[in-house]
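What follows is one structure encoded as C-alpha cells, with my remarks underneath.
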Amino acid sequence: MSYPEPSYLDEKGQVTALFRPAAPQPDTSFVGATSIGYVANQETTGGEFGLYKVDMGPKTIGAKEHFHRTISESFYVLSGEVRFYNGERWITGGEGDFLYVPAGGLHAFQNDSDDPVSMLMIFSPGAPREEYFEKAAEYVGRSREELKAFREKHDNYFTDMLD
C-alpha cells in the first residue's frame, strides 16, 4: 500500500487550518436519549471525512444492524461501555476501544449499561450525515416506504428492511 496521489501540488504550504472550539451544546438529538455533536462535517473537511461526537444515555439503542454502500464508519469509545455488532457477534467496547467498519460491513451499536456512553464516529469519505441525524426520528413514524427511501438516500441499508 502506498500514499494516495497528492491533492496539493504547490511548492509551499498555505494557511488553511481550521480550529473549532468546543460547542456548548450538541448540534442535534437523535432517536432516544442520544445527542450528536458535529465536530467536523463533510463541508468542513472538503468531503474527506465526517467526525461526530455521540453521547448515549443508559439503556439506549443506537442503530440496528445495517451497512453502508459508499462510506466506511469507525467508532472510538471515549467513556463508558458500548455494545457493537461486528457482523458476526456482539462485543463490548470500553474507553479507548476502536471499531472500523468498511463499506458493506454489517454493524450495529447500543448502550446496554446503566451508565452513559461517549464516543466518536468517523465516516469516510465525508457524507452529509446531518440531515439523517436530524430527521431520522421523524421518519420512523412515517410509512415503511418513506422510511426506507429516507434511509437509502442517506446510505443506510437496515437488514430488517431489505425485502
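Each chain of the C-alpha cells is named A, B, ... in the order shown, its residues numbered from 1; ligands are numbered from 1 in display order.
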
Picked from chain A by DSSP as helix (DSSP H, G or I), as a list of chain:residue names: A:Glu130, A:Glu131, A:Tyr132, A:Phe133, A:Glu134, A:Lys135, A:Ala136, A:Ala137, A:Glu138, A:Tyr139, A:Val140, A:Arg144, A:Glu145, A:Glu146, A:Leu147, A:Lys148, A:Ala149, A:Phe150, A:Arg151, A:Glu152, A:Lys153, A:Thr159, A:Asp160, A:Met161

Write out, as a short mmCIF file (atom, residue, chain, number, x, y, z; two decimals), in the first residue's frame, the residues just selected, with N, CA and C atoms.
data_model
loop_
_atom_site.label_atom_id
_atom_site.label_comp_id
_atom_site.auth_asym_id
_atom_site.auth_seq_id
_atom_site.Cartn_x
_atom_site.Cartn_y
_atom_site.Cartn_z
N GLU A 130 -25.77 15.04 8.49
CA GLU A 130 -26.55 15.86 9.40
C GLU A 130 -28.06 15.72 9.20
N GLU A 131 -28.52 15.73 7.96
CA GLU A 131 -29.96 15.57 7.72
C GLU A 131 -30.44 14.23 8.26
N TYR A 132 -29.64 13.19 8.11
CA TYR A 132 -30.04 11.89 8.63
C TYR A 132 -30.19 11.95 10.15
N PHE A 133 -29.21 12.50 10.84
CA PHE A 133 -29.27 12.59 12.30
C PHE A 133 -30.45 13.45 12.76
N GLU A 134 -30.72 14.52 12.04
CA GLU A 134 -31.76 15.46 12.47
C GLU A 134 -33.18 14.99 12.17
N LYS A 135 -33.36 14.14 11.15
CA LYS A 135 -34.71 13.77 10.74
C LYS A 135 -35.06 12.29 10.91
N ALA A 136 -34.12 11.48 11.37
CA ALA A 136 -34.37 10.03 11.47
C ALA A 136 -35.57 9.73 12.36
N ALA A 137 -35.67 10.39 13.49
CA ALA A 137 -36.79 10.13 14.42
C ALA A 137 -38.12 10.45 13.75
N GLU A 138 -38.16 11.52 12.97
CA GLU A 138 -39.39 11.90 12.27
C GLU A 138 -39.81 10.81 11.27
N TYR A 139 -38.85 10.25 10.56
CA TYR A 139 -39.17 9.25 9.54
C TYR A 139 -39.56 7.90 10.12
N VAL A 140 -39.16 7.60 11.34
CA VAL A 140 -39.57 6.35 11.98
C VAL A 140 -41.09 6.28 12.09
N ARG A 144 -43.49 2.67 5.88
CA ARG A 144 -42.31 1.84 5.65
C ARG A 144 -41.57 2.29 4.39
N GLU A 145 -42.31 2.61 3.34
CA GLU A 145 -41.71 3.03 2.07
C GLU A 145 -40.95 4.35 2.23
N GLU A 146 -41.57 5.31 2.94
CA GLU A 146 -40.90 6.60 3.16
C GLU A 146 -39.64 6.42 4.02
N LEU A 147 -39.73 5.60 5.06
CA LEU A 147 -38.59 5.36 5.93
C LEU A 147 -37.46 4.70 5.15
N LYS A 148 -37.78 3.70 4.35
CA LYS A 148 -36.77 3.00 3.56
C LYS A 148 -36.11 3.96 2.57
N ALA A 149 -36.88 4.79 1.88
CA ALA A 149 -36.34 5.76 0.92
C ALA A 149 -35.43 6.77 1.62
N PHE A 150 -35.84 7.24 2.79
CA PHE A 150 -35.03 8.19 3.56
C PHE A 150 -33.69 7.56 3.95
N ARG A 151 -33.77 6.35 4.45
CA ARG A 151 -32.53 5.65 4.85
C ARG A 151 -31.62 5.42 3.66
N GLU A 152 -32.17 4.97 2.53
CA GLU A 152 -31.34 4.73 1.35
C GLU A 152 -30.73 6.02 0.81
N LYS A 153 -31.48 7.11 0.88
CA LYS A 153 -30.94 8.41 0.46
C LYS A 153 -29.68 8.74 1.26
N THR A 159 -30.91 -4.25 7.66
CA THR A 159 -31.19 -5.62 7.22
C THR A 159 -32.64 -6.02 7.41
N ASP A 160 -33.33 -5.37 8.34
CA ASP A 160 -34.75 -5.72 8.54
C ASP A 160 -35.66 -5.08 7.49
N MET A 161 -35.08 -4.32 6.54
CA MET A 161 -35.88 -3.67 5.50
C MET A 161 -35.37 -4.00 4.10
#

List as an mmCIF file with C-alpha atoms, in the first residue's frame the protein and nucleic acid residues near A:Ser113, meaning an atom at most 10 Å away when only C-alpha atoms are counted, but skip any in the same chain fewer than 2 places from it.
data_model
loop_
_atom_site.group_PDB
_atom_site.id
_atom_site.type_symbol
_atom_site.label_atom_id
_atom_site.label_comp_id
_atom_site.auth_asym_id
_atom_site.auth_seq_id
_atom_site.Cartn_x
_atom_site.Cartn_y
_atom_site.Cartn_z
ATOM 1 C CA GLY A 57 -27.838 7.717 27.743
ATOM 2 C CA PRO A 58 -28.173 4.472 29.696
ATOM 3 C CA LYS A 59 -30.053 1.608 28.021
ATOM 4 C CA THR A 60 -30.165 3.330 24.620
ATOM 5 C CA GLY A 80 -18.457 4.144 29.198
ATOM 6 C CA GLU A 81 -19.175 0.801 27.584
ATOM 7 C CA VAL A 82 -20.967 0.319 24.292
ATOM 8 C CA ARG A 83 -22.074 -2.895 22.632
ATOM 9 C CA GLN A 110 -26.267 0.169 21.551
ATOM 10 C CA ASN A 111 -25.730 1.069 25.174
ATOM 11 C CA ASP A 115 -24.243 4.426 32.564
ATOM 12 C CA PRO A 116 -23.865 6.940 29.727
ATOM 13 C CA VAL A 117 -21.518 6.355 26.789
#

Name all residues at most 10 Å from stretch 15-18 of chain A (count only C-alpha atoms; drop same-chain ones fewer than 4 positions away) and give them as an MDAnalysis selection string. chainID A and resid 40 44:45

Considering only C-alpha atoms, return as a CSV table (one decimal) with all heavy atoms, in the first residue's frame whatever protein or nucleic-acid residues lie within 7 Å of A:Pro125, sequence-local ones (same chain, fewer than 4 positions apart) excluded.
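As a result, result-v7.csv now contains:
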chain,number,residue,atom,x,y,z
A,47,GLY,N,-15.2,17.0,2.2
A,47,GLY,CA,-15.6,15.7,1.8
A,47,GLY,C,-14.7,14.5,2.2
A,47,GLY,O,-14.9,13.4,1.9
A,48,GLU,N,-13.5,14.9,2.8
A,48,GLU,CA,-12.6,13.8,3.2
A,48,GLU,C,-13.1,12.9,4.2
A,48,GLU,O,-12.9,11.7,4.2
A,48,GLU,CB,-11.2,14.4,3.6
A,48,GLU,CG,-10.5,15.1,2.4
A,48,GLU,CD,-9.1,15.5,2.7
A,48,GLU,OE1,-8.5,15.0,3.6
A,48,GLU,OE2,-8.7,16.5,2.1
A,49,PHE,N,-13.8,13.4,5.3
A,49,PHE,CA,-14.3,12.6,6.3
A,49,PHE,C,-15.3,13.4,7.1
A,49,PHE,O,-15.4,14.7,6.9
A,49,PHE,CB,-13.2,12.1,7.3
A,49,PHE,CG,-12.6,13.2,8.1
A,49,PHE,CD1,-13.0,13.5,9.4
A,49,PHE,CD2,-11.4,13.8,7.6
A,49,PHE,CE1,-12.4,14.5,10.1
A,49,PHE,CE2,-10.8,14.8,8.3
A,49,PHE,CZ,-11.3,15.2,9.6
A,71,ILE,N,-19.6,4.5,2.2
A,71,ILE,CA,-18.8,5.1,3.3
A,71,ILE,C,-18.4,4.0,4.3
A,71,ILE,O,-19.1,3.0,4.5
A,71,ILE,CB,-19.5,6.2,4.0
A,71,ILE,CG1,-20.9,5.8,4.6
A,71,ILE,CG2,-19.6,7.5,3.2
A,71,ILE,CD1,-21.6,6.8,5.4

Measuring atom to atom with only C-alpha atoms, identify which of A:Val39, A:Asp97, A:Tyr52, A:Glu88 is nearest to A:Ala23. A:Val39

Excluding A:Leu78 and its own-chain neighbours fewer than 6 positions away, which residues fall within 9 Å of it when counting only C-alpha atoms? Please give them as an mmCIF file with N, CA and C atoms, in the first residue's frame.
data_model
loop_
_atom_site.group_PDB
_atom_site.id
_atom_site.type_symbol
_atom_site.label_atom_id
_atom_site.label_comp_id
_atom_site.auth_asym_id
_atom_site.auth_seq_id
_atom_site.Cartn_x
_atom_site.Cartn_y
_atom_site.Cartn_z
ATOM 1 N N GLY A 94 -14.999 -0.533 25.413
ATOM 2 C CA GLY A 94 -14.857 0.427 26.500
ATOM 3 C C GLY A 94 -13.887 1.532 26.116
ATOM 4 N N GLU A 95 -13.602 2.396 27.063
ATOM 5 C CA GLU A 95 -12.731 3.549 26.836
ATOM 6 C C GLU A 95 -11.465 3.150 26.083
ATOM 7 N N GLY A 96 -11.219 3.834 24.962
ATOM 8 C CA GLY A 96 -10.036 3.593 24.150
ATOM 9 C C GLY A 96 -10.216 2.525 23.080
ATOM 10 N N ASP A 97 -11.325 1.803 23.091
ATOM 11 C CA ASP A 97 -11.547 0.769 22.081
ATOM 12 C C ASP A 97 -12.024 1.401 20.773
ATOM 13 N N VAL A 117 -22.634 6.676 27.674
ATOM 14 C CA VAL A 117 -21.518 6.355 26.789
ATOM 15 C C VAL A 117 -21.209 7.592 25.961
ATOM 16 N N SER A 118 -19.927 7.828 25.726
ATOM 17 C CA SER A 118 -19.500 8.900 24.835
ATOM 18 C C SER A 118 -18.506 8.303 23.845
ATOM 19 N N MET A 119 -18.708 8.569 22.557
ATOM 20 C CA MET A 119 -17.808 8.031 21.544
ATOM 21 C C MET A 119 -17.730 8.964 20.344
ATOM 22 N N LEU A 120 -16.704 8.753 19.546
ATOM 23 C CA LEU A 120 -16.551 9.456 18.285
ATOM 24 C C LEU A 120 -16.933 8.509 17.158
#

Can you tell me, as a ChimeraX atom specification, which residues in chain A count as strand (DSSP E or B) by DSSP? /A:28-30,34-40,50-56,60-67,72-79,82-85,90-93,98-101,107-111,117-124,157-158

Show which residues sit within 7 Å of A:Tyr38, as a VMD selection string. Count only C-alpha atoms, and ignore same-chain residues fewer than 5 positions away. chain A and resid 27 51 to 53

Excluding A:Gly62 and any residue of its chain fewer than 6 positions from it, enumerate the residues within 8 Å of it, using only C-alpha atoms, and give them as number ranges by chain. A: 31, 34, 56, 108-111

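Going from atom CA of A:Met121 over to atom CA of A:Thr28, you cover 14.6 Å.
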
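Here atom CA of A:Asn156 is placed at a distance of 6.0 Å from atom CA of A:Phe67.
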
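Closest to A:Ile36 among A:His154, A:Ser7, A:Ala103, A:Arg129 is A:Arg129, based on only C-alpha atoms.
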